[in-house]
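Enquirer: My file is protein_26.cif. It has mmCIF, C-alpha atoms and all ligand atoms:
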```cif
data_coords
loop_
_atom_site.label_atom_id
_atom_site.label_comp_id
_atom_site.auth_asym_id
_atom_site.auth_seq_id
_atom_site.Cartn_x
_atom_site.Cartn_y
_atom_site.Cartn_z
CA MET Y 1 119.54 -15.34 61.19
CA GLY Y 2 117.05 -13.33 59.11
CA VAL Y 3 117.60 -9.64 58.35
CA TRP Y 4 114.66 -8.58 60.52
CA GLN Y 5 116.02 -10.54 63.49
CA LYS Y 6 119.49 -9.00 62.94
CA GLU Y 7 117.97 -5.48 62.84
CA ILE Y 8 115.94 -6.05 66.04
CA THR Y 9 118.92 -7.62 67.84
CA LEU Y 10 121.06 -4.58 66.95
CA VAL Y 11 118.48 -2.12 68.35
CA LEU Y 12 118.03 -4.22 71.53
CA LEU Y 13 121.81 -4.44 71.98
CA LEU Y 14 122.16 -0.65 71.65
CA LEU Y 15 119.37 -0.12 74.17
CA PHE Y 16 120.92 -2.62 76.56
CA VAL Y 17 124.39 -0.99 76.33
CA SER Y 18 122.92 2.51 76.80
CA ILE Y 19 120.85 1.37 79.83
CA ILE Y 20 124.00 -0.07 81.51
CA ALA Y 21 126.09 2.97 80.60
CA GLY Y 22 123.26 5.33 81.71
CA THR Y 23 122.90 3.55 85.06
CA ILE Y 24 126.65 3.72 85.71
CA THR Y 25 126.98 7.38 84.65
CA GLY Y 26 123.57 8.50 86.02
CA HIS Y 27 122.48 9.89 82.56
CA LEU Y 28 120.05 7.12 81.54
CA ILE Y 29 117.35 9.34 79.95
CA MET Y 30 119.89 11.38 78.07
CA LEU Y 31 121.64 8.32 76.66
CA LEU Y 32 118.34 6.64 75.68
CA PHE Y 33 117.26 9.83 73.89
CA LEU Y 34 120.56 10.02 71.95
CA ILE Y 35 120.36 6.37 70.92
CA MET Y 36 116.73 6.79 69.65
CA LEU Y 37 117.76 9.96 67.80
CA GLY Y 38 120.63 8.08 66.16
CA ILE Y 39 118.32 5.28 65.01
CA ILE Y 40 115.76 7.76 63.56
CA ILE Y 41 118.47 9.80 61.74
CA ARG Y 42 119.86 6.58 60.22
CA MET Y 43 116.39 5.61 58.98
CA ILE Y 44 115.74 9.09 57.49
CA LEU Y 45 119.06 8.96 55.64
CA GLN Y 46 118.22 5.50 54.27
CA ILE Y 47 114.71 6.64 53.13
CA ASN Y 48 116.25 9.71 51.51
CA GLN Y 49 118.74 7.58 49.59
CA PHE Y 50 115.96 5.19 48.52
CA GLU Y 51 113.71 8.05 47.38
CA LYS Y 52 116.56 9.50 45.27
CA TRP Y 53 117.17 6.12 43.61
CA ILE Y 54 113.50 5.35 42.93
CA SER Y 55 112.73 8.91 41.70
CA THR Y 56 115.30 8.46 38.91
CA GLY Y 57 113.40 5.32 37.78
CA GLY Y 58 115.49 2.92 39.89
CA ARG Y 59 117.86 2.63 36.96
CA GLY Y 60 121.08 0.67 37.28
CA LYS Y 61 122.37 -1.16 40.31
CA TYR Y 62 121.02 0.03 43.69
CA PRO Y 63 123.31 1.90 46.21
CA LYS Y 64 125.42 -0.11 48.62
CA THR Y 65 123.72 -0.54 51.97
CA THR Y 66 123.25 -3.09 54.75
CA GLY Y 67 120.55 -4.79 56.80
CA ILE Y 68 116.85 -4.58 56.02
CA TRP Y 69 117.40 -1.79 53.47
CA GLU Y 70 119.61 -3.99 51.34
CA GLU Y 71 116.72 -6.49 51.30
CA ILE Y 72 114.19 -3.78 50.26
CA TYR Y 73 116.50 -2.53 47.46
CA TYR Y 74 117.01 -6.06 46.23
CA HIS Y 75 113.23 -6.81 46.01
CA VAL Y 76 112.38 -3.56 44.25
CA TYR Y 77 115.28 -4.07 41.83
CA ARG Y 78 114.09 -7.64 41.06
CA LEU Y 79 110.45 -6.52 40.43
CA LYS Y 80 111.64 -3.75 38.13
CA LYS Y 81 113.79 -6.17 36.17
CA GLN Y 82 110.86 -8.59 35.77
CA ASP Y 83 108.60 -5.72 34.68
CA LYS Y 84 111.15 -4.64 32.08
CA GLN Y 85 111.38 -8.15 30.65
CA ARG Y 86 107.57 -8.47 30.51
CA LYS Y 87 107.29 -5.10 28.73
CA LYS Y 88 109.91 -6.18 26.19
CA LYS Y 89 108.03 -9.42 25.53
CA LEU Y 90 104.69 -7.59 25.17
CA GLY Y 91 106.24 -5.02 22.86
CA LYS Y 92 107.58 -7.83 20.68
CA MET Y 93 104.15 -9.46 20.59
CA VAL Y 94 102.43 -6.18 19.66
CA ASP Y 95 104.99 -5.67 16.89
CA GLN Y 96 104.39 -9.18 15.55
CA PHE Y 97 100.60 -8.64 15.69
CA ARG Y 98 100.91 -5.31 13.86
CA GLN Y 99 103.19 -6.80 11.21
CA SER Y 100 100.83 -9.76 10.61
CA THR Y 101 97.66 -7.61 10.48
CA GLU Y 102 99.50 -5.12 8.27
CA ALA Y 103 100.14 -7.96 5.83
CA LEU Y 104 96.50 -9.21 5.94
CA PRO Y 105 94.66 -9.01 2.62
CA ASP Y 106 91.49 -8.00 4.52
CA ALA Y 107 91.06 -4.50 5.90
CA ALA Y 108 91.28 -4.27 9.70
CA ILE Y 109 90.54 -1.20 11.82
CA VAL Y 110 90.62 -1.00 15.62
CA LEU Y 111 87.80 1.25 16.84
CA GLY Y 112 87.62 2.99 20.22
CA ILE Y 113 84.57 3.48 22.45
CA ASN Y 114 83.27 6.43 20.42
CA ASP Y 115 83.86 4.80 17.00
CA GLU Y 116 87.17 6.64 16.63
CA ILE Y 117 90.00 4.99 14.66
CA ASP Y 118 92.73 3.70 16.95
CA TRP Y 119 94.67 1.84 14.30
CA ALA Y 120 94.20 0.67 10.69
CA ASN Y 121 96.21 -1.74 8.54
CA LYS Y 122 97.43 -1.08 4.99
CA ALA Y 123 94.49 -2.82 3.31
CA ALA Y 124 92.07 -0.65 5.34
CA ARG Y 125 93.92 2.52 4.35
CA ASP Y 126 93.83 1.46 0.67
CA VAL Y 127 90.25 0.26 0.47
CA PHE Y 128 88.64 3.00 2.62
CA GLY Y 129 91.02 5.76 1.47
CA LEU Y 130 92.22 6.44 5.02
CA HIS Y 131 95.41 8.35 5.92
CA GLN Y 132 97.73 8.09 8.94
CA SER Y 133 96.36 11.48 10.03
CA ASP Y 134 92.82 10.02 10.30
CA LYS Y 135 93.81 8.30 13.54
CA GLY Y 136 91.44 9.49 16.28
CA GLN Y 137 88.76 10.56 13.79
CA ARG Y 138 85.27 9.02 14.14
CA ILE Y 139 84.76 6.45 11.41
CA PRO Y 140 81.13 7.46 10.56
CA ASN Y 141 82.56 10.87 9.56
CA LEU Y 142 84.89 9.22 7.06
CA ILE Y 143 82.77 6.33 5.68
CA ARG Y 144 79.47 8.01 5.04
CA PHE Y 145 77.23 5.21 3.76
CA PRO Y 146 73.78 5.24 5.48
CA ASP Y 147 73.70 1.40 5.78
CA PHE Y 148 77.11 1.42 7.46
CA ILE Y 149 76.21 4.27 9.83
CA ARG Y 150 72.97 2.44 10.77
CA TYR Y 151 74.92 -0.80 11.33
CA LEU Y 152 77.39 0.95 13.67
CA LYS Y 153 74.59 2.72 15.56
CA LEU Y 154 72.58 -0.46 16.09
CA ARG Y 155 75.58 -2.20 17.66
CA ASN Y 156 74.11 -5.57 16.70
CA TYR Y 157 77.22 -7.22 15.36
CA LYS Y 158 75.79 -10.66 14.57
CA ASP Y 159 75.30 -9.62 10.94
CA SER Y 160 77.52 -7.90 8.44
CA VAL Y 161 76.89 -4.98 6.11
CA ILE Y 162 77.69 -4.78 2.41
CA LEU Y 163 78.88 -1.52 0.89
CA PRO Y 164 80.95 -0.25 -2.02
CA SER Y 165 84.48 0.97 -1.39
CA PRO Y 166 84.56 4.79 -0.99
CA VAL Y 167 87.68 4.79 -3.21
CA ASP Y 168 86.31 2.68 -6.08
CA ASN Y 169 82.61 1.84 -6.17
CA ARG Y 170 83.27 -1.26 -8.33
CA ILE Y 171 84.78 -2.91 -5.25
CA ILE Y 172 82.14 -4.48 -3.00
CA LEU Y 173 83.04 -4.91 0.67
CA GLU Y 174 81.51 -7.05 3.36
CA VAL Y 175 82.07 -5.25 6.66
CA ARG Y 176 81.81 -6.94 10.04
CA VAL Y 177 82.52 -5.59 13.53
CA ILE Y 178 83.90 -7.85 16.27
CA PRO Y 179 83.73 -6.50 19.82
CA TYR Y 180 86.60 -7.32 22.18
CA GLY Y 181 88.23 -6.08 25.39
CA ALA Y 182 86.71 -3.13 27.27
CA GLY Y 183 84.62 -1.33 24.67
CA LEU Y 184 87.08 -1.91 21.81
CA ARG Y 185 85.98 -3.24 18.43
CA LEU Y 186 87.74 -4.66 15.41
CA LEU Y 187 86.25 -3.74 12.06
CA LEU Y 188 87.04 -6.24 9.31
CA ALA Y 189 86.24 -5.64 5.65
CA GLN Y 190 86.54 -8.34 3.00
CA ASP Y 191 86.55 -7.74 -0.73
CA ILE Y 192 83.61 -9.79 -2.08
CA THR Y 193 83.50 -8.29 -5.58
CA GLN Y 194 84.29 -11.62 -7.27
CA LEU Y 195 81.79 -13.48 -5.09
CA LYS Y 196 79.04 -11.00 -5.95
CA LYS Y 197 79.93 -11.22 -9.63
CA MET Y 198 79.68 -15.02 -9.54
CA GLU Y 199 76.41 -14.83 -7.64
CA ARG Y 200 74.97 -12.47 -10.24
CA MET Y 201 76.17 -14.78 -13.03
CA ARG Y 202 74.53 -17.75 -11.30
CA LYS Y 203 71.25 -15.86 -10.90
CA ASP Y 204 71.32 -14.70 -14.53
CA PHE Y 205 72.15 -18.20 -15.75
CA VAL Y 206 69.34 -19.85 -13.76
CA ALA Y 207 66.89 -17.14 -14.81
CA ASN Y 208 67.84 -17.41 -18.51
CA VAL Y 209 67.82 -21.22 -18.61
CA SER Y 210 64.50 -21.41 -16.76
CA HIS Y 211 62.99 -18.81 -19.05
CA GLU Y 212 64.26 -20.56 -22.21
CA LEU Y 213 62.90 -23.92 -21.00
CA ARG Y 214 59.40 -22.60 -20.49
CA THR Y 215 58.33 -22.47 -24.15
CA PRO Y 216 59.65 -25.92 -25.24
CA LEU Y 217 58.00 -27.45 -22.18
CA THR Y 218 54.63 -25.86 -22.97
CA VAL Y 219 54.88 -27.13 -26.57
CA LEU Y 220 55.88 -30.60 -25.37
CA LYS Y 221 53.02 -30.72 -22.90
CA GLY Y 222 50.57 -29.57 -25.58
CA TYR Y 223 51.61 -32.34 -28.00
CA LEU Y 224 51.59 -34.96 -25.25
CA GLU Y 225 48.05 -33.99 -24.25
CA THR Y 226 46.94 -34.22 -27.89
CA LEU Y 227 48.60 -37.64 -28.26
CA GLN Y 228 46.94 -38.77 -25.05
CA ASP Y 229 43.55 -37.64 -26.40
CA LEU Y 230 44.20 -39.55 -29.64
CA ASP Y 231 45.29 -42.70 -27.80
CA ASP Y 232 42.82 -45.56 -28.35
CA GLU Y 233 44.36 -47.45 -25.39
CA GLN Y 234 45.12 -50.48 -27.58
CA SER Y 235 48.71 -50.56 -26.37
CA PRO Y 236 49.18 -50.39 -22.56
CA LEU Y 237 52.85 -49.56 -23.12
CA LEU Y 238 51.97 -46.50 -25.18
CA THR Y 239 49.24 -45.37 -22.76
CA ASN Y 240 51.59 -45.71 -19.82
CA SER Y 241 54.36 -43.92 -21.72
CA PHE Y 242 52.11 -40.93 -22.45
CA LYS Y 243 51.11 -40.78 -18.77
CA GLN Y 244 54.72 -40.93 -17.58
CA MET Y 245 55.91 -38.38 -20.13
CA LEU Y 246 53.13 -35.96 -19.21
CA GLY Y 247 53.87 -36.46 -15.50
CA GLN Y 248 57.57 -35.73 -15.99
CA THR Y 249 56.86 -32.72 -18.21
CA GLU Y 250 54.58 -31.28 -15.53
CA ARG Y 251 57.29 -31.91 -12.93
CA MET Y 252 59.79 -30.02 -15.06
CA GLN Y 253 57.31 -27.20 -15.50
CA HIS Y 254 56.95 -26.95 -11.71
CA LEU Y 255 60.70 -26.90 -11.34
CA VAL Y 256 61.10 -24.13 -13.90
CA ASP Y 257 58.25 -22.13 -12.31
CA ASP Y 258 59.80 -22.48 -8.85
CA LEU Y 259 63.25 -21.48 -10.13
CA LEU Y 260 61.82 -18.43 -11.86
CA LEU Y 261 59.93 -17.47 -8.72
CA LEU Y 262 63.11 -17.80 -6.65
CA THR Y 263 65.02 -15.61 -9.10
CA LYS Y 264 62.22 -13.06 -8.95
CA LEU Y 265 62.36 -13.07 -5.14
CA GLU Y 266 66.12 -12.55 -5.23
CA THR Y 267 66.22 -9.79 -7.79
CA GLN Y 268 62.95 -7.87 -7.88
CA GLN Y 269 62.08 -4.85 -5.80
CA LYS Y 270 59.30 -5.37 -3.25
CA LYS Y 271 55.90 -3.82 -3.92
CA THR Y 272 54.10 -3.96 -0.61
CA HIS Y 273 50.53 -3.16 0.34
CA CYS Y 274 48.17 -4.14 3.16
CA VAL Y 275 47.33 -7.83 2.69
CA ASP Y 276 44.20 -9.35 4.23
CA VAL Y 277 45.92 -12.47 5.59
CA PRO Y 278 42.77 -14.12 7.08
CA ALA Y 279 41.07 -13.90 3.64
CA LEU Y 280 44.23 -15.11 1.91
CA LEU Y 281 44.55 -18.07 4.29
CA SER Y 282 40.88 -19.00 3.78
CA GLN Y 283 41.50 -19.06 0.01
CA VAL Y 284 44.78 -20.99 0.25
CA CYS Y 285 43.25 -23.61 2.58
CA ALA Y 286 40.12 -24.01 0.43
CA GLU Y 287 42.22 -24.41 -2.75
CA SER Y 288 44.71 -26.83 -1.14
CA ASP Y 289 42.02 -28.91 0.54
CA VAL Y 290 40.59 -30.04 -2.78
CA LEU Y 291 44.00 -31.07 -4.19
CA GLY Y 292 44.35 -34.37 -2.32
CA ASN Y 293 42.21 -37.46 -2.48
CA SER Y 294 40.45 -36.86 0.83
CA PRO Y 295 39.19 -33.31 1.28
CA LYS Y 296 38.27 -31.45 4.50
CA ARG Y 297 41.60 -32.19 6.13
CA ILE Y 298 42.48 -28.60 6.94
CA GLN Y 299 41.28 -26.96 10.16
CA LEU Y 300 41.74 -23.20 9.87
CA THR Y 301 41.61 -21.13 13.09
CA LEU Y 302 41.74 -17.38 12.68
CA GLU Y 303 42.42 -16.05 16.19
CA SER Y 304 43.53 -12.68 14.84
CA SER Y 305 42.02 -10.49 12.13
CA ALA Y 306 45.39 -8.81 11.48
CA HIS Y 307 46.31 -7.72 7.97
CA ILE Y 308 50.01 -7.22 7.29
CA MET Y 309 52.11 -5.12 4.93
CA GLY Y 310 53.45 -7.37 2.22
CA GLU Y 311 53.28 -8.75 -1.30
CA GLU Y 312 50.14 -10.86 -1.71
CA GLN Y 313 51.38 -13.15 -4.47
CA GLU Y 314 54.57 -13.94 -2.59
CA LEU Y 315 52.69 -14.65 0.64
CA ARG Y 316 50.17 -16.81 -1.23
CA SER Y 317 52.96 -18.85 -2.73
CA ALA Y 318 54.74 -19.32 0.65
CA PHE Y 319 51.54 -20.21 2.53
CA THR Y 320 50.45 -22.63 -0.23
CA ASN Y 321 53.84 -24.38 -0.14
CA LEU Y 322 53.58 -24.89 3.62
CA VAL Y 323 49.95 -26.09 3.57
CA VAL Y 324 50.55 -28.42 0.59
CA ASN Y 325 53.67 -29.85 2.28
CA ALA Y 326 51.69 -30.55 5.48
CA LEU Y 327 49.10 -32.42 3.40
CA LYS Y 328 51.71 -34.18 1.24
CA TYR Y 329 53.92 -35.46 4.04
CA SER Y 330 51.16 -36.85 6.28
CA LYS Y 331 48.58 -39.61 6.00
CA ALA Y 332 45.67 -39.04 3.63
CA ASP Y 333 43.11 -38.96 6.46
CA SER Y 334 45.09 -36.93 9.04
CA LEU Y 335 44.23 -33.40 10.10
CA VAL Y 336 46.31 -30.30 9.29
CA LYS Y 337 45.87 -27.37 11.68
CA VAL Y 338 46.41 -23.84 10.35
CA ARG Y 339 46.42 -21.03 12.97
CA TRP Y 340 46.78 -17.24 12.59
CA PHE Y 341 47.40 -15.60 15.97
CA GLN Y 342 49.29 -12.84 17.81
CA GLU Y 343 51.74 -13.68 20.59
CA GLN Y 344 54.90 -12.24 22.15
CA GLY Y 345 55.54 -9.41 19.72
CA PHE Y 346 54.85 -11.49 16.63
CA ILE Y 347 51.89 -12.21 14.43
CA THR Y 348 52.24 -15.86 13.58
CA LEU Y 349 51.04 -18.41 11.09
CA ALA Y 350 51.47 -21.95 12.41
CA ILE Y 351 50.88 -25.00 10.22
CA GLU Y 352 50.85 -28.23 12.14
CA ASP Y 353 50.53 -31.80 10.86
CA ASN Y 354 50.66 -35.30 12.31
CA GLY Y 355 52.73 -36.60 9.45
CA GLU Y 356 56.03 -38.36 8.92
CA GLY Y 357 58.10 -35.63 10.63
CA ILE Y 358 61.66 -34.63 9.76
CA PRO Y 359 64.83 -36.20 11.26
CA LYS Y 360 66.55 -33.71 13.63
CA ALA Y 361 69.70 -33.56 11.49
CA ASP Y 362 67.71 -32.60 8.38
CA ILE Y 363 65.69 -29.75 9.94
CA PRO Y 364 68.34 -27.03 9.39
CA ARG Y 365 68.80 -28.16 5.77
CA VAL Y 366 65.22 -28.44 4.46
CA THR Y 367 65.14 -24.78 3.43
CA GLU Y 368 68.17 -25.29 1.14
CA ARG Y 369 67.49 -25.43 -2.58
CA PHE Y 370 66.79 -28.93 -3.92
CA TYR Y 371 67.16 -30.49 -0.46
CA ARG Y 372 64.71 -33.37 0.02
CA VAL Y 373 64.72 -35.71 3.01
CA GLU Y 374 65.51 -39.26 1.93
CA THR Y 375 62.74 -41.34 3.50
CA LYS Y 376 61.42 -44.72 2.46
CA ARG Y 377 57.77 -44.04 1.72
CA LEU Y 378 55.04 -46.42 0.59
CA ILE Y 379 53.79 -43.88 -1.94
CA LYS Y 380 56.25 -41.68 -3.81
CA VAL Y 381 55.82 -38.00 -2.95
CA ASN Y 382 56.58 -35.66 -5.84
CA GLY Y 383 58.36 -32.40 -5.26
CA THR Y 384 61.06 -30.07 -6.52
CA GLY Y 385 62.86 -29.43 -3.23
CA LEU Y 386 62.42 -25.70 -3.85
CA GLY Y 387 59.22 -25.04 -1.87
CA LEU Y 388 60.79 -24.26 1.49
CA ALA Y 389 63.59 -22.23 -0.17
CA ILE Y 390 60.81 -20.06 -1.63
CA VAL Y 391 59.13 -19.83 1.80
CA LYS Y 392 62.41 -18.73 3.39
CA HIS Y 393 63.00 -16.03 0.77
CA VAL Y 394 59.45 -14.71 0.97
CA LEU Y 395 59.65 -14.50 4.77
CA MET Y 396 63.03 -12.76 4.58
CA ARG Y 397 61.49 -10.14 2.30
CA HIS Y 398 58.78 -9.63 4.94
CA GLU Y 399 61.21 -9.34 7.90
CA ALA Y 400 59.76 -12.60 9.17
CA HIS Y 401 61.42 -15.87 10.13
CA LEU Y 402 60.53 -19.53 9.92
CA VAL Y 403 60.67 -21.85 12.92
CA ILE Y 404 60.48 -25.58 12.28
CA THR Y 405 59.74 -28.04 15.06
CA SER Y 406 59.37 -31.68 14.13
CA GLU Y 407 59.42 -35.14 15.59
CA LEU Y 408 59.96 -38.19 13.43
CA HIS Y 409 56.77 -40.22 12.83
CA LYS Y 410 54.79 -37.77 15.00
CA GLY Y 411 54.50 -34.61 12.93
CA SER Y 412 55.85 -31.14 12.22
CA CYS Y 413 54.97 -27.54 12.88
CA PHE Y 414 56.10 -24.74 10.56
CA SER Y 415 55.65 -21.28 12.13
CA CYS Y 416 56.08 -18.02 10.26
CA HIS Y 417 56.69 -15.16 12.71
CA PHE Y 418 55.99 -11.67 11.33
CA PRO Y 419 56.93 -8.62 13.44
CA VAL Y 420 53.82 -6.85 14.81
CA LYS Y 421 55.02 -3.56 13.28
CA ARG Y 422 53.84 -5.03 9.94
CA ILE Y 423 50.20 -5.12 11.06
CA CYS Y 424 48.30 -2.56 8.99
CA ASN Y 425 44.57 -2.76 9.80
P1 LIG Y 501 59.45 -30.58 -1.84
O1 LIG Y 501 59.12 -30.08 -3.18
O2 LIG Y 501 60.32 -31.77 -1.85
O3 LIG Y 501 58.24 -30.74 -0.97
P2 LIG Y 501 60.25 -28.49 -0.03
O4 LIG Y 501 61.36 -27.51 -0.15
O5 LIG Y 501 58.88 -27.96 0.11
O6 LIG Y 501 60.39 -29.45 -1.27
O7 LIG Y 501 60.58 -29.41 1.21
C1 LIG Y 501 61.87 -29.95 1.37
C2 LIG Y 501 61.80 -31.24 2.14
O8 LIG Y 501 61.39 -31.01 3.48
C3 LIG Y 501 60.77 -32.21 1.60
O9 LIG Y 501 61.32 -32.98 0.55
C4 LIG Y 501 60.43 -33.05 2.80
O10 LIG Y 501 61.34 -34.08 2.95
C5 LIG Y 501 60.61 -32.07 3.96
N1 LIG Y 501 59.32 -31.51 4.42
C6 LIG Y 501 58.76 -30.34 4.09
N2 LIG Y 501 57.60 -30.15 4.73
C7 LIG Y 501 57.40 -31.24 5.49
C8 LIG Y 501 56.37 -31.66 6.41
N3 LIG Y 501 55.30 -30.90 6.65
N4 LIG Y 501 56.51 -32.85 7.02
C9 LIG Y 501 57.61 -33.61 6.80
N5 LIG Y 501 58.59 -33.30 5.94
C10 LIG Y 501 58.50 -32.13 5.30
#
```
Represent the structure contained in this file as structure tokens.
Expert:
Amino acid sequence: MGVWQKEITLVLLLLFVSIIAGTITGHLIMLLFLIMLGIIIRMILQINQFEKWISTGGRGKYPKTTGIWEEIYYHVYRLKKQDKQRKKKLGKMVDQFRQSTEALPDAAIVLGINDEIDWANKAARDVFGLHQSDKGQRIPNLIRFPDFIRYLKLRNYKDSVILPSPVDNRIILEVRVIPYGAGLRLLLAQDITQLKKMERMRKDFVANVSHELRTPLTVLKGYLETLQDLDDEQSPLLTNSFKQMLGQTERMQHLVDDLLLLTKLETQQKKTHCVDVPALLSQVCAESDVLGNSPKRIQLTLESSAHIMGEEQELRSAFTNLVVNALKYSKADSLVKVRWFQEQGFITLAIEDNGEGIPKADIPRVTERFYRVETKRLIKVNGTGLGLAIVKHVLMRHEAHLVITSELHKGSCFSCHFPVKRICN
């Protein structure tokens, strides 16, 4: 029999006995009243005992009792025991997490809703010069770099921000914020001093080598042109050799020029002014149209007269690369459409061709340095593989982005989207 059934049977039995006794003695109401009073007093005493036990945290074994109350005590005791075990497990996990993050070489700081420091590991305390007492302080008050403050305010955590360590400005840190939970964020900072050093060495090396190669190449080209002029074309081998050598020298010159331009884009400060893009595009298209064997292939549509803030030479170089590519990688008689228009918060240059297209897998890689798509072509197409890398850098310096859509054997469209805030006329 269940405890509830036992409890109900007991009450019914008491009522039954008191009804019989009451009928015999003639005091039925009185007896019923006393029995009910007894039951209520018993319940109050039980509740009182329970309240005393639970108010002291329900510690230890519960008091000895019977019936339904024993059942209630048992369930509460069991839940409390489970809760205690869970808390112990969680505490152990938190400790393990703290110990592992404490040992991390990267700085980690847990930020609260209002950018206040909830917790920081040892690396964070070392690299940002934080103290235990800084807990609860707002981080923008402690790390006062404008770029960092802007990054935190924007709350766009897809990117990272680079800043020097407030303790030692020779240490360069890459800081990234990762949101998690309800309004909490984890700030991670990685020491990228060595990486930056290597990057600078690579840039310097490429710039120096390219610069040093320029003069010998000009001399070589000069002599080759003279030899070609002197050639009486008696020996086809010699004539062909001069042609090949001149072709390769020019290719190397292009390579060196492109490398130098890339270095310039990476290292030089921007000098912007209002650039008349429609005029620039007219020039670029006219100059590029005469390069190939069949002219008048470019159809320029200027739907907008917008000028934009930028660096004219850089834009010229990017636009020329895109237009020349469209001509180079499509049939000699096919049309290339160049459009300048405003749409959906962007002012856009779209260059569309009906050429060989780019395989889907190669599209994300074509803007990498020296990346060229391996395609079997009837006629060899010359190139350095640096053109689109230059385009990407120029666009980055103009807060613009490149979108490439392409279908193999059908054609490609390269769109440069500039933010409308750059329009200046
Ligand atoms: P390259 O000097 O080889 O033209 P780019 O950086 O300009 O170097 O382009 C990289 C590669 O992207 C090219 O080698 C080519 O395979 C591909 N590509 C660029 N533009 C086009 C285009 N309009 N159509 C098809 N393929 C293209």
Enquirer: Which residues form the shell of 8 Å around ligand LIG 501 (chain Y) when you count all atoms listed in the file, given as a PyMOL selection string?
Expert: chain Y and resi 321-323+325-330+352-353+355-358+363+366-375+381-390+406+411-414
Enquirer: Tell me which protein, DNA and RNA residues are within 9 Å of Y:Phe50, counting only C-alpha atoms, leaving out same-chain ones fewer than 5 positions away, and put them as a ChimeraX atom specification.
Expert: /Y:45,55,58,62-63,69,73
Enquirer: Here is a test: counting all atoms listed in the file, which residue of Y:Asn354, Y:Thr65, Y:Ile379, Y:Lys87 is nearest to Y:Thr405?
Expert: Y:Asn354
Enquirer: Edge lengths and centre in Å to one decimal, as lines of an AutoDock Vina configuration file, is what I'm after for the box along x, y and z that holds all listed atoms of stretch 103-108 of chain Y once 6 Å is added on each side.
Expert:
```
center_x = 95.6
center_y = -6.7
center_z = 6.2
size_x = 21.1
size_y = 16.9
size_z = 19.1
```
Enquirer: So what do you get for atom CA of Y:Trp4 versus atom CA of Y:Glu71, distance-wise?
Expert: 9.7 Å
Enquirer: Set the distance at 7 Å and use only C-alpha atoms: which residues neighbour stretch 208-220 of chain Y once local chain neighbours fewer than 2 positions away are removed? I'd like the list as a PyMOL selection string.
Expert: chain Y and resi 204-206+222-224+249+253+256+259-260
Enquirer: Work out how far apart atom CA of Y:Leu90 and atom CA of Y:Arg138 are and give it in Å to one decimal.
Expert: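 Rounded to one decimal, the two atoms are 27.8 Å apart.
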Enquirer: May I ask which of the residues Y:Lys6, Y:His409, Y:Lys197, Y:His27 is the closest one to Y:Arg377, counting only C-alpha atoms?
Expert: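 Looking at the shortest contact to Y:Arg377, the residue is Y:His409.
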Enquirer: Between Y:Leu154, Y:Val110, Y:Leu302, Y:Ile19, which has the minimum distance to Y:Asp276 (counting all atoms listed in the file)?
Expert: Y:Leu302
Enquirer: Y:Phe242, Y:Lys64, Y:Asn425, Y:Arg42: which is nearest Y:Leu230, counting all atoms listed in the file?
Expert: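 Counting all atoms listed in the file, the residue closest to Y:Leu230 is Y:Phe242.
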Enquirer: For Y:Pro359, which of Y:Glu407, Y:Glu70, Y:Glu266, Y:Asp126 is the closest residue, counting only C-alpha atoms?
Expert: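 For Y:Pro359, the nearest of the given residues is Y:Glu407.
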Enquirer: Go through Y:Arg176, Y:Pro105, Y:Pro166, Y:Met201 and flag the residue nearest Y:Tyr151, using all atoms listed in the file for the distances.
Expert: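 Of Y:Arg176, Y:Pro105, Y:Pro166, Y:Met201, the one nearest Y:Tyr151 is Y:Arg176, counting all atoms listed in the file.
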Enquirer: Could you name the residues that touch Y:Arg144 at 12 Å or less, counting only C-alpha atoms, but leaving out those on the same chain fewer than 5 positions away, as a PyMOL selection string?
Expert: chain Y and resi 128+138-139+149-152+163-166
Enquirer: Atom CA of Y:Ser304 to atom CA of Y:Lys331: how many Å, to one decimal?
Expert: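 Here the two named atoms are 28.8 Å from each other.
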Enquirer: Write out as a list in words each polymer residue whose atoms come within 9 Å of Y:Ala120, counting only C-alpha atoms; drop sequence neighbours fewer than 4 positions from it.
Expert: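 Those residues are Thr101, Glu102, Ala107, Ala108, Ile109, Val110, Leu111, Ala124, Arg125, Leu130, Gln132 and Lys135 of chain Y.
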